[in-house]
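Q: Take a look at final-v3.cif, mmCIF, C-alpha atoms:
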```cif
data_coords
#
loop_
_atom_site.label_atom_id
_atom_site.label_comp_id
_atom_site.auth_asym_id
_atom_site.auth_seq_id
_atom_site.Cartn_x
_atom_site.Cartn_y
_atom_site.Cartn_z
CA MET V 80 34.05 171.85 96.46
CA GLY V 81 32.79 168.69 94.82
CA LEU V 82 31.47 165.72 96.76
CA ILE V 83 34.20 163.33 95.60
CA ALA V 84 36.82 166.08 95.80
CA GLY V 85 35.60 166.84 99.33
CA ILE V 86 35.99 163.19 100.35
CA LYS V 87 39.46 163.12 98.72
CA LEU V 88 40.45 166.28 100.55
CA ARG V 89 39.21 164.94 103.91
CA PHE V 90 41.11 161.71 103.25
CA LYS V 91 44.24 163.72 102.42
CA ARG V 92 43.82 165.77 105.61
CA ALA V 93 43.34 162.61 107.66
CA LEU V 94 46.50 161.15 106.09
CA ARG V 95 48.33 164.39 106.77
CA TRP V 96 47.18 164.28 110.40
CA PHE V 97 48.14 160.62 110.73
CA PHE V 98 51.58 161.11 109.18
CA LYS V 99 51.85 164.55 110.67
CA LYS V 100 55.09 166.29 109.82
CA ASP V 101 57.14 167.90 112.56
CA LYS V 102 56.84 171.13 110.65
CA MET V 103 54.76 172.57 107.85
CA ARG V 104 56.30 174.33 104.88
CA ILE V 105 54.24 177.47 104.30
CA GLY V 106 54.54 179.55 101.13
CA ILE V 107 53.78 183.27 101.10
CA TYR V 108 52.19 184.08 97.75
CA GLY V 109 50.57 187.03 96.04
CA PRO V 110 50.90 189.61 93.31
CA PRO V 111 53.87 192.02 93.31
CA ASN V 112 53.79 194.74 95.99
CA ALA V 113 51.11 193.06 98.12
CA GLY V 114 53.52 193.00 101.09
CA LYS V 115 54.70 189.37 101.05
CA THR V 116 58.23 190.12 102.26
CA THR V 117 56.90 192.62 104.81
CA LEU V 118 54.69 189.85 106.21
CA ALA V 119 57.55 187.29 106.16
CA ASN V 120 59.77 189.82 107.95
CA ARG V 121 57.02 190.56 110.51
CA ILE V 122 56.63 186.83 111.30
CA LEU V 123 60.38 186.32 111.55
CA ARG V 124 60.96 189.49 113.60
CA ASP V 125 58.22 188.42 116.04
CA TRP V 126 59.46 184.85 116.47
CA THR V 127 63.18 184.81 115.63
CA GLY V 128 64.24 188.47 115.82
CA ASP V 129 65.53 188.22 112.24
CA VAL V 130 64.33 189.21 108.73
CA ILE V 131 64.16 187.32 105.43
CA GLY V 132 64.85 190.06 102.88
CA PRO V 133 64.61 193.72 101.91
CA GLU V 134 61.23 195.40 101.45
CA SER V 135 60.69 197.94 98.68
CA GLU V 136 57.98 199.95 96.95
CA ILE V 137 59.50 198.91 93.60
CA PRO V 138 57.67 195.85 92.28
CA HIS V 139 59.52 192.51 92.03
CA GLU V 140 62.00 193.33 94.81
CA THR V 141 61.99 189.61 95.66
CA ARG V 142 63.11 187.75 92.55
CA ARG V 143 64.27 184.51 94.14
CA ALA V 144 62.26 182.48 96.63
CA LYS V 145 63.71 182.68 100.13
CA LEU V 146 63.40 179.90 102.66
CA ARG V 147 63.68 180.18 106.43
CA GLU V 148 63.42 176.87 108.29
CA GLY V 149 62.18 175.98 111.75
CA VAL V 150 60.25 179.11 112.78
CA LYS V 151 58.39 178.36 116.03
CA ILE V 152 55.12 180.16 116.63
CA GLU V 153 53.56 179.76 120.07
CA VAL V 154 49.88 180.62 120.53
CA ASP V 155 47.73 179.72 123.55
CA GLY V 156 50.12 176.97 124.61
CA LYS V 157 50.18 175.49 121.10
CA THR V 158 53.47 175.43 119.18
CA LEU V 159 53.49 175.55 115.40
CA THR V 160 56.83 174.96 113.68
CA ILE V 161 56.98 176.16 110.11
CA ASP V 162 59.39 176.69 107.27
CA ILE V 163 58.59 179.98 105.58
CA VAL V 164 59.04 180.40 101.83
CA ASP V 165 58.82 184.03 100.69
CA THR V 166 58.07 183.80 96.97
CA PRO V 167 58.46 186.36 94.17
CA GLY V 168 55.25 188.12 93.11
CA ILE V 169 53.24 186.37 90.40
CA ALA V 170 52.34 188.43 87.33
CA THR V 171 51.22 187.84 83.74
CA LYS V 172 53.30 190.68 82.33
CA ILE V 173 56.66 192.26 83.14
CA ASP V 174 57.62 195.40 81.27
CA PHE V 175 61.07 196.83 81.99
CA HIS V 176 59.74 200.35 81.28
CA ASP V 177 57.79 200.10 84.56
CA PHE V 178 61.06 199.84 86.51
CA MET V 179 62.56 202.84 84.69
CA LYS V 180 59.80 204.96 86.29
CA TYR V 181 61.64 204.36 89.58
CA GLY V 182 64.82 205.92 88.21
CA MET V 183 66.58 202.77 87.00
CA SER V 184 68.76 202.79 83.90
CA GLU V 185 67.51 200.78 80.91
CA ASP V 186 70.13 198.07 81.46
CA GLU V 187 69.31 197.81 85.14
CA ALA V 188 65.56 197.74 84.41
CA LYS V 189 65.98 195.00 81.78
CA ARG V 190 68.10 192.92 84.14
CA ARG V 191 65.49 193.28 86.89
CA ALA V 192 62.72 192.35 84.42
CA LYS V 193 64.60 189.23 83.33
CA GLU V 194 65.16 188.16 86.94
CA ALA V 195 61.50 188.90 87.70
CA THR V 196 60.31 186.55 84.92
CA GLU V 197 62.51 183.79 86.37
CA GLY V 198 61.13 184.58 89.83
CA VAL V 199 57.52 184.10 88.66
CA ILE V 200 58.39 180.65 87.27
CA GLU V 201 60.16 179.72 90.52
CA ALA V 202 57.15 180.84 92.59
CA ILE V 203 54.81 178.62 90.54
CA LYS V 204 57.19 175.63 90.83
CA TRP V 205 57.33 176.00 94.64
CA LEU V 206 53.59 175.23 94.82
CA ASP V 207 54.46 171.53 94.40
CA ASP V 208 56.59 171.48 97.57
CA LEU V 209 54.38 173.26 100.09
CA ASP V 210 51.99 172.16 102.85
CA GLY V 211 50.03 175.41 103.17
CA ILE V 212 49.71 178.88 101.69
CA LEU V 213 49.41 182.41 103.00
CA LEU V 214 48.05 184.39 100.06
CA VAL V 215 48.73 188.09 100.56
CA MET V 216 46.47 190.65 98.90
CA ASP V 217 46.63 194.44 99.07
CA SER V 218 43.38 195.62 100.75
CA VAL V 219 43.54 198.90 98.85
CA GLU V 220 43.59 197.23 95.40
CA ASP V 221 40.83 195.40 93.58
CA PRO V 222 41.31 191.78 94.72
CA TYR V 223 39.48 190.38 91.77
CA THR V 224 42.49 190.05 89.46
CA GLN V 225 43.42 187.22 87.15
CA VAL V 226 46.57 186.50 89.16
CA ASN V 227 44.63 186.11 92.42
CA VAL V 228 41.97 183.96 90.73
CA THR V 229 44.69 181.75 89.17
CA ILE V 230 46.61 181.34 92.44
CA VAL V 231 43.43 180.48 94.40
CA GLY V 232 42.35 178.02 91.67
CA ASN V 233 45.71 176.25 91.79
CA ILE V 234 45.78 176.03 95.58
CA GLU V 235 42.23 174.63 95.58
CA ALA V 236 43.15 172.10 92.87
CA ARG V 237 46.10 170.90 95.01
CA GLY V 238 43.92 170.70 98.15
CA LEU V 239 46.37 172.84 100.16
CA PRO V 240 45.18 174.72 103.27
CA LEU V 241 44.88 178.41 102.38
CA LEU V 242 44.67 181.60 104.42
CA ILE V 243 44.10 184.88 102.62
CA VAL V 244 45.90 187.76 104.32
CA ALA V 245 44.21 191.09 103.57
CA ASN V 246 47.25 193.31 104.07
CA LYS V 247 47.73 197.09 104.39
CA ILE V 248 44.63 197.70 106.54
CA ASP V 249 46.44 200.73 107.98
CA LEU V 250 45.91 202.60 104.70
CA PRO V 251 42.87 204.92 104.35
CA ASN V 252 41.11 203.17 101.43
CA ALA V 253 41.70 199.61 102.65
CA SER V 254 38.74 197.29 102.24
CA PRO V 255 39.30 193.73 103.50
CA ALA V 256 35.54 193.22 103.07
CA ARG V 257 36.02 193.49 99.31
CA ILE V 258 38.52 190.60 99.46
CA LYS V 259 36.10 188.56 101.59
CA SER V 260 33.31 189.07 99.09
CA ALA V 261 35.60 188.13 96.16
CA PHE V 262 36.73 184.88 97.82
CA PRO V 263 33.87 183.96 100.20
CA GLN V 264 34.92 180.29 100.36
CA HIS V 265 38.19 181.12 102.16
CA THR V 266 39.27 182.53 105.52
CA VAL V 267 40.36 186.15 105.17
CA VAL V 268 42.47 187.74 107.92
CA PRO V 269 42.81 191.55 107.79
CA VAL V 270 46.28 192.72 108.94
CA SER V 271 48.87 195.40 108.53
CA ALA V 272 52.17 193.54 108.28
CA LEU V 273 54.01 196.86 108.37
CA LYS V 274 52.39 198.15 111.58
CA GLY V 275 51.68 194.76 113.13
CA LEU V 276 47.92 195.38 113.30
CA ASN V 277 45.83 192.27 114.03
CA ILE V 278 48.92 190.10 113.61
CA ASP V 279 48.18 188.08 116.78
CA THR V 280 44.85 187.03 115.25
CA LEU V 281 46.75 185.85 112.18
CA TYR V 282 49.06 183.71 114.35
CA LYS V 283 46.05 182.16 116.13
CA ILE V 284 44.35 181.32 112.83
CA MET V 285 47.63 179.99 111.41
CA ALA V 286 48.01 177.70 114.44
CA ASP V 287 44.45 176.38 113.87
CA LYS V 288 44.77 176.03 110.11
CA PHE V 289 48.32 174.72 109.76
CA GLY V 290 48.87 173.16 113.19
CA MET A 65 41.88 197.83 57.10
CA GLU A 66 43.71 198.56 60.35
CA GLY A 67 42.60 196.59 63.34
CA VAL A 68 43.25 193.79 65.79
CA GLN A 69 42.54 190.20 64.82
CA LEU A 70 40.31 188.23 67.17
CA ASN A 71 40.35 184.43 67.15
CA LEU A 72 37.27 182.93 68.77
CA VAL A 73 37.88 179.29 69.68
CA SER A 74 34.87 177.07 70.31
CA LYS A 75 34.43 174.77 73.29
CA GLU A 76 34.34 171.77 70.91
CA LYS A 77 37.70 172.67 69.39
CA LEU A 78 39.24 173.26 72.83
CA GLU A 79 38.01 169.88 74.08
CA LYS A 80 39.85 168.16 71.23
CA MET A 81 43.12 169.89 72.07
CA GLY A 82 45.71 168.82 74.65
CA SER A 83 46.87 171.33 77.26
CA MET A 84 50.21 172.14 75.60
CA GLU A 85 48.55 172.39 72.20
CA LYS A 86 46.10 174.94 73.61
CA LEU A 87 48.80 176.97 75.36
CA ARG A 88 51.06 176.96 72.29
CA MET A 89 48.17 178.12 70.08
CA ILE A 90 47.35 180.93 72.55
CA LEU A 91 50.92 182.17 72.90
CA ASP A 92 51.69 181.98 69.17
CA ASN A 93 48.60 184.05 68.39
CA VAL A 94 49.14 186.57 71.19
CA LYS A 95 52.80 187.06 70.24
CA GLU A 96 51.61 187.97 66.75
CA GLY A 97 49.45 190.69 68.32
CA LYS A 98 46.17 188.75 68.01
CA ILE A 99 43.52 188.36 70.68
CA VAL A 100 42.29 184.88 71.52
CA VAL A 101 38.83 184.24 72.97
CA LEU A 102 38.26 180.77 74.44
CA GLU A 103 34.63 179.73 74.78
CA SER A 104 35.36 177.39 77.71
CA GLY A 105 38.51 178.91 79.19
CA LEU A 106 41.39 177.09 80.84
CA SER A 107 41.78 175.02 84.00
CA PRO A 108 43.71 176.60 86.93
CA GLU A 109 46.66 174.30 86.16
CA GLU A 110 46.63 175.39 82.51
CA GLU A 111 46.46 179.04 83.58
CA ALA A 112 49.53 178.57 85.79
CA LYS A 113 51.36 176.81 82.95
CA LEU A 114 50.39 179.64 80.60
CA ILE A 115 51.95 182.16 83.02
CA GLU A 116 55.13 180.05 83.19
CA LEU A 117 55.39 179.79 79.40
CA THR A 118 54.67 183.50 79.04
CA MET A 119 57.52 184.34 81.41
CA LEU A 120 59.87 182.15 79.38
CA GLU A 121 58.94 183.95 76.17
CA ILE A 122 59.02 187.57 77.34
CA ASP A 123 61.82 189.17 75.30
CA HIS A 124 61.64 192.64 76.95
CA GLU A 125 61.28 194.24 73.53
CA SER A 126 58.30 193.18 71.43
CA PHE A 127 56.60 190.83 73.92
CA VAL A 128 56.16 191.88 77.55
CA GLY A 129 53.47 189.45 78.60
CA ILE A 130 49.78 188.74 78.41
CA GLU A 131 46.55 190.13 79.76
CA VAL A 132 43.93 187.55 80.67
CA GLU A 133 40.28 188.34 81.20
CA SER A 134 38.04 185.63 82.55
CA TYR A 135 35.26 185.02 85.03
CA PRO A 136 35.81 182.71 87.99
CA PRO A 137 34.89 179.08 87.24
CA LYS A 138 31.25 178.24 87.90
CA GLU A 139 30.05 175.31 89.96
CA THR A 140 27.96 172.79 88.05
CA PHE A 141 26.43 169.46 89.04
CA LEU A 142 29.47 167.59 87.68
CA SER A 143 31.91 169.99 89.32
CA LYS A 144 30.09 169.50 92.62
CA LEU A 145 30.50 165.76 92.21
CA PHE A 146 34.07 165.64 90.92
CA GLY A 147 35.40 168.97 92.15
CA LYS A 148 36.64 170.08 88.72
CA LYS A 149 35.08 173.41 87.89
CA SER A 150 34.82 174.12 84.19
CA GLY A 151 36.43 177.24 82.84
CA ARG A 152 34.40 180.10 81.41
CA LEU A 153 34.76 182.53 78.54
CA THR A 154 38.33 183.81 78.56
CA LEU A 155 40.04 186.50 76.53
CA ILE A 156 43.83 186.52 76.24
CA GLY A 157 45.77 189.25 74.49
CA PRO A 158 49.15 190.97 74.41
CA ALA A 159 49.72 193.05 77.57
CA ASN A 160 50.61 196.09 75.50
CA ARG A 161 47.27 196.01 73.69
CA VAL A 162 44.66 194.83 76.19
CA LYS A 163 43.97 196.68 79.42
CA THR A 164 41.43 195.69 82.08
CA LEU A 165 39.23 198.60 83.09
CA SER A 166 37.04 196.84 85.63
CA ARG A 167 36.21 193.32 86.64
CA LYS A 168 33.12 192.07 88.40
CA GLU A 169 31.70 188.61 88.83
CA ASP A 170 29.71 188.72 85.61
CA LEU A 171 30.99 191.77 83.77
CA ILE A 172 34.52 192.50 82.61
CA THR A 173 35.30 195.77 80.90
CA ALA A 174 38.52 195.94 78.90
CA MET A 175 40.12 198.27 76.37
CA VAL A 176 41.93 197.10 73.25
CA HIS A 177 44.52 199.47 71.78
CA LEU A 178 45.11 199.37 68.05
CA GLY A 179 48.71 200.53 68.30
CA ASP A 180 51.55 199.00 70.31
CA LYS A 181 50.89 201.02 73.45
#
```
Since I need it in another form, could you write the structure as C-alpha cells?
A:
Amino acid sequence: MGLIAGIKLRFKRALRWFFKKDKMRIGIYGPPNAGKTTLANRILRDWTGDVIGPESEIPHETRRAKLREGVKIEVDGKTLTIDIVDTPGIATKIDFHDFMKYGMSEDEAKRRAKEATEGVIEAIKWLDDLDGILLVMDSVEDPYTQVNVTIVGNIEARGLPLLIVANKIDLPNASPARIKSAFPQHTVVPVSALKGLNIDTLYKIMADKFG
Amino acid sequence: MEGVQLNLVSKEKLEKMGSMEKLRMILDNVKEGKIVVLESGLSPEEEAKLIELTMLEIDHESFVGIEVESYPPKETFLSKLFGKKSGRLTLIGPANRVKTLSRKEDLITAMVHLGDK
C-alpha cells in the first residue's frame, strides 16, 4: 500500500466510521466452485434459519447475484447487520463442453454457458455497490490464479475491506497456508462452510473487520 | 509454416494507448487465435474490464474465452507513494490454445497448443 494511498484509505475509513451505515453490504466473491453459495447458506442458516440458493458441484450454479438484506450477526455482545450478496463465480473462460461432462444436453449446456457469461459481468458490476468483500478460495486448489489475483487487485484499488475465506478445510489435501503465502497482505480465515468448521472465528473476524 | 502468432507489445506502445484501445487490440488479436504479450501488463481495473468484454464476446463456438498469465504487480518507490502498482509481463491467449501448467511468484509455465484444442 502506497503512502498517499494509505492516507486516502485511512481518510475513507474515518469517513465511513463517521457516516457509519446501519448495515454493510458484503459481497461473496470467488472463482466457480469455491463454495460461495455454501458459505452464504451457512451464514444465513446460522443467523436467519434460511438459505440463499442451491449448492452444486457443477460450476456456475449461481448465474445471477442474489441479495439477502438485514442479516444480523451477534458476536461477543456486538451486533453486525449486513446485506449479503452471493455473486456468480468469476472466470476468464466458459466452455459449454465442460457442462456436457455433467450429463447436460448441448442446448442445456449452451444456455448455462450463456447465463454464466452474463453472471460474470454482473459479479464484476456489483463491486461498485459493496462495502466489504468475503473472497472465497478453495483450499485444495492452487490459490495463485489469474482470477484471484484480478479480484484482489480490484478490491485493493477500491479500498474495500477484504477477508479471504480459505474454504473446504475438511478435505484431505486442503492447505490454507498456501493461500496465506499467496496473499500475505490480507487476513485469511480457514473454514469449512459445508461442515461449519471454524465458522465462529469467521463471524468474530467479520464483526471486527466490517463492524 | 504452421504455428501460433505471438504479438509482443512494448511498454512504450502500451503507455501511448488508452485502456479501451489496449483491450480492443488484445481481444481482436486473441479472437484471431494470436497470443499477445504485454511488456508492462494491465492494471487491475483493466483486467476486470477485459474479463467483462471477454464474456460479452464469447460465442460458445469459436471463442470460449481467454487465458491470462501474469505475475502479481510489484511494489516500486512510486507505487509505495501513490499506491498504483505497475503491471508486469502478461501473456494473453485464446483459452482453447493456452493452458497454465504451474504458476509461482516469478515463474509461470504454460503450454501453447497449435491446434484448436
Q: Measuring atom to atom with all atoms listed in the file, identify which of A:Leu70, A:Leu165, A:Met89, A:Ile99 is nearest to chain V.
A: A:Leu165
Q: Can you tell me how far atom CA of Val68 of chain A sits from atom CA of Ile130 of chain A, in Å to one decimal?
A: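 Interatomic distance, atom CA of Val68 of chain A to atom CA of Ile130 of chain A: 15.1 Å.
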Q: Ranking A:Val162, A:Val176, A:Val132, A:Leu153 by minimum distance to chain V and counting all atoms listed in the file, which one comes first?
A: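 Smallest separation from chain V among the options: A:Val132.
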Q: Since I can't run it myself right now, could you work out what the PyMOL selection byres ((chain V) within 10 of (chain A)) selects here and report it as a compact mmCIF listing (two decimals) with C-alpha atoms, keeping the file's coordinate frame?
A:
```txt
# COMPACT_ATOMS: atom_id res chain seq x y z
CA MET V 80 34.05 171.85 96.46
CA GLY V 81 32.79 168.69 94.82
CA LEU V 82 31.47 165.72 96.76
CA ILE V 83 34.20 163.33 95.60
CA ALA V 84 36.82 166.08 95.80
CA GLY V 85 35.60 166.84 99.33
CA ILE V 86 35.99 163.19 100.35
CA LYS V 87 39.46 163.12 98.72
CA ILE V 169 53.24 186.37 90.40
CA ALA V 170 52.34 188.43 87.33
CA THR V 171 51.22 187.84 83.74
CA LYS V 172 53.30 190.68 82.33
CA ILE V 173 56.66 192.26 83.14
CA ASP V 174 57.62 195.40 81.27
CA PHE V 175 61.07 196.83 81.99
CA HIS V 176 59.74 200.35 81.28
CA ALA V 188 65.56 197.74 84.41
CA LYS V 189 65.98 195.00 81.78
CA ARG V 190 68.10 192.92 84.14
CA ALA V 192 62.72 192.35 84.42
CA LYS V 193 64.60 189.23 83.33
CA ALA V 195 61.50 188.90 87.70
CA THR V 196 60.31 186.55 84.92
CA GLU V 197 62.51 183.79 86.37
CA GLY V 198 61.13 184.58 89.83
CA VAL V 199 57.52 184.10 88.66
CA ILE V 200 58.39 180.65 87.27
CA GLU V 201 60.16 179.72 90.52
CA ALA V 202 57.15 180.84 92.59
CA ILE V 203 54.81 178.62 90.54
CA LYS V 204 57.19 175.63 90.83
CA ASP V 221 40.83 195.40 93.58
CA PRO V 222 41.31 191.78 94.72
CA TYR V 223 39.48 190.38 91.77
CA THR V 224 42.49 190.05 89.46
CA GLN V 225 43.42 187.22 87.15
CA VAL V 226 46.57 186.50 89.16
CA VAL V 228 41.97 183.96 90.73
CA THR V 229 44.69 181.75 89.17
CA ILE V 230 46.61 181.34 92.44
CA VAL V 231 43.43 180.48 94.40
CA GLY V 232 42.35 178.02 91.67
CA ASN V 233 45.71 176.25 91.79
CA ILE V 234 45.78 176.03 95.58
CA GLU V 235 42.23 174.63 95.58
CA ALA V 236 43.15 172.10 92.87
CA ARG V 237 46.10 170.90 95.01
CA ALA V 261 35.60 188.13 96.16
```
Q: One decimal, Å: what's the distance from atom CA of Gly67 of chain A over to atom CA of Leu102 of chain A, could you say?
A: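 Computing it gives 19.8 Å between the two atoms.
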Q: Distance cut-off 8 Å, centre (44.8, 177.3, 75.9) in file coordinates, counting only C-alpha atoms: which residues qualify? Return them as a PDB file with C-alpha atoms, in the coordinates of the input.
A:
```
ATOM      1  CA  LEU A  78      39.240 173.260  72.830  1.00  0.00           C
ATOM      2  CA  SER A  83      46.870 171.330  77.260  1.00  0.00           C
ATOM      3  CA  MET A  84      50.210 172.140  75.600  1.00  0.00           C
ATOM      4  CA  GLU A  85      48.550 172.390  72.200  1.00  0.00           C
ATOM      5  CA  LYS A  86      46.100 174.940  73.610  1.00  0.00           C
ATOM      6  CA  LEU A  87      48.800 176.970  75.360  1.00  0.00           C
ATOM      7  CA  ARG A  88      51.060 176.960  72.290  1.00  0.00           C
ATOM      8  CA  MET A  89      48.170 178.120  70.080  1.00  0.00           C
ATOM      9  CA  ILE A  90      47.350 180.930  72.550  1.00  0.00           C
ATOM     10  CA  LEU A 102      38.260 180.770  74.440  1.00  0.00           C
ATOM     11  CA  GLY A 105      38.510 178.910  79.190  1.00  0.00           C
ATOM     12  CA  LEU A 106      41.390 177.090  80.840  1.00  0.00           C
ATOM     13  CA  GLU A 110      46.630 175.390  82.510  1.00  0.00           C
ATOM     14  CA  LEU A 114      50.390 179.640  80.600  1.00  0.00           C
TER      15      LEU A 114
END
```
Q: Between V:Ile284, V:Gly275, V:Asp165, V:Gly156, which residue has the minimum interatomic distance to Val130 of chain V, considering all atoms listed in the file?
A: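 Result for the nearest residue to Val130 of chain V: V:Asp165.
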Q: Have a look at atom CA of Phe262 of chain V and atom CA of Thr160 of chain V and let me know their distance in Å, one decimal.
A: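 One can read the atom CA of Phe262 of chain V to atom CA of Thr160 of chain V distance as 27.5 Å.
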Q: Quick one: which residues end up in the PyMOL selection byres ((chain V and resi 107-118) around 8) for this structure, as a PyMOL selection string?
A: chain V and resi 105-106+119-122+131-134+136-139+141+163-170+202+212-217+226-227+230+246-247+272-273
Q: Could you spell out the hits of the PyMOL selection byres ((chain V and resi 210) around 6) on the shown file, as an NGL selection string?
A: :V and (103-105 or 209 or 211)
Q: May I ask which of the residues V:Leu250, V:Met183, V:Leu159, V:Leu242 is the closest one to Ala286 of chain V, counting only C-alpha atoms?
A: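 Looking at the shortest contact to Ala286 of chain V, the residue is V:Leu159.
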Q: Between V:Glu140, V:Asp249, V:Asp279, V:Glu153, which one has atoms that come closest to Arg191 of chain V, using only C-alpha atoms?
A: V:Glu140
Q: From the options A:Arg161, A:Glu103, A:Lys95, A:Leu171, which residue's atoms come nearest to Glu76 of chain A, counting only C-alpha atoms?
A: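 Checking each candidate against Glu76 of chain A, we get A:Glu103 as the closest.
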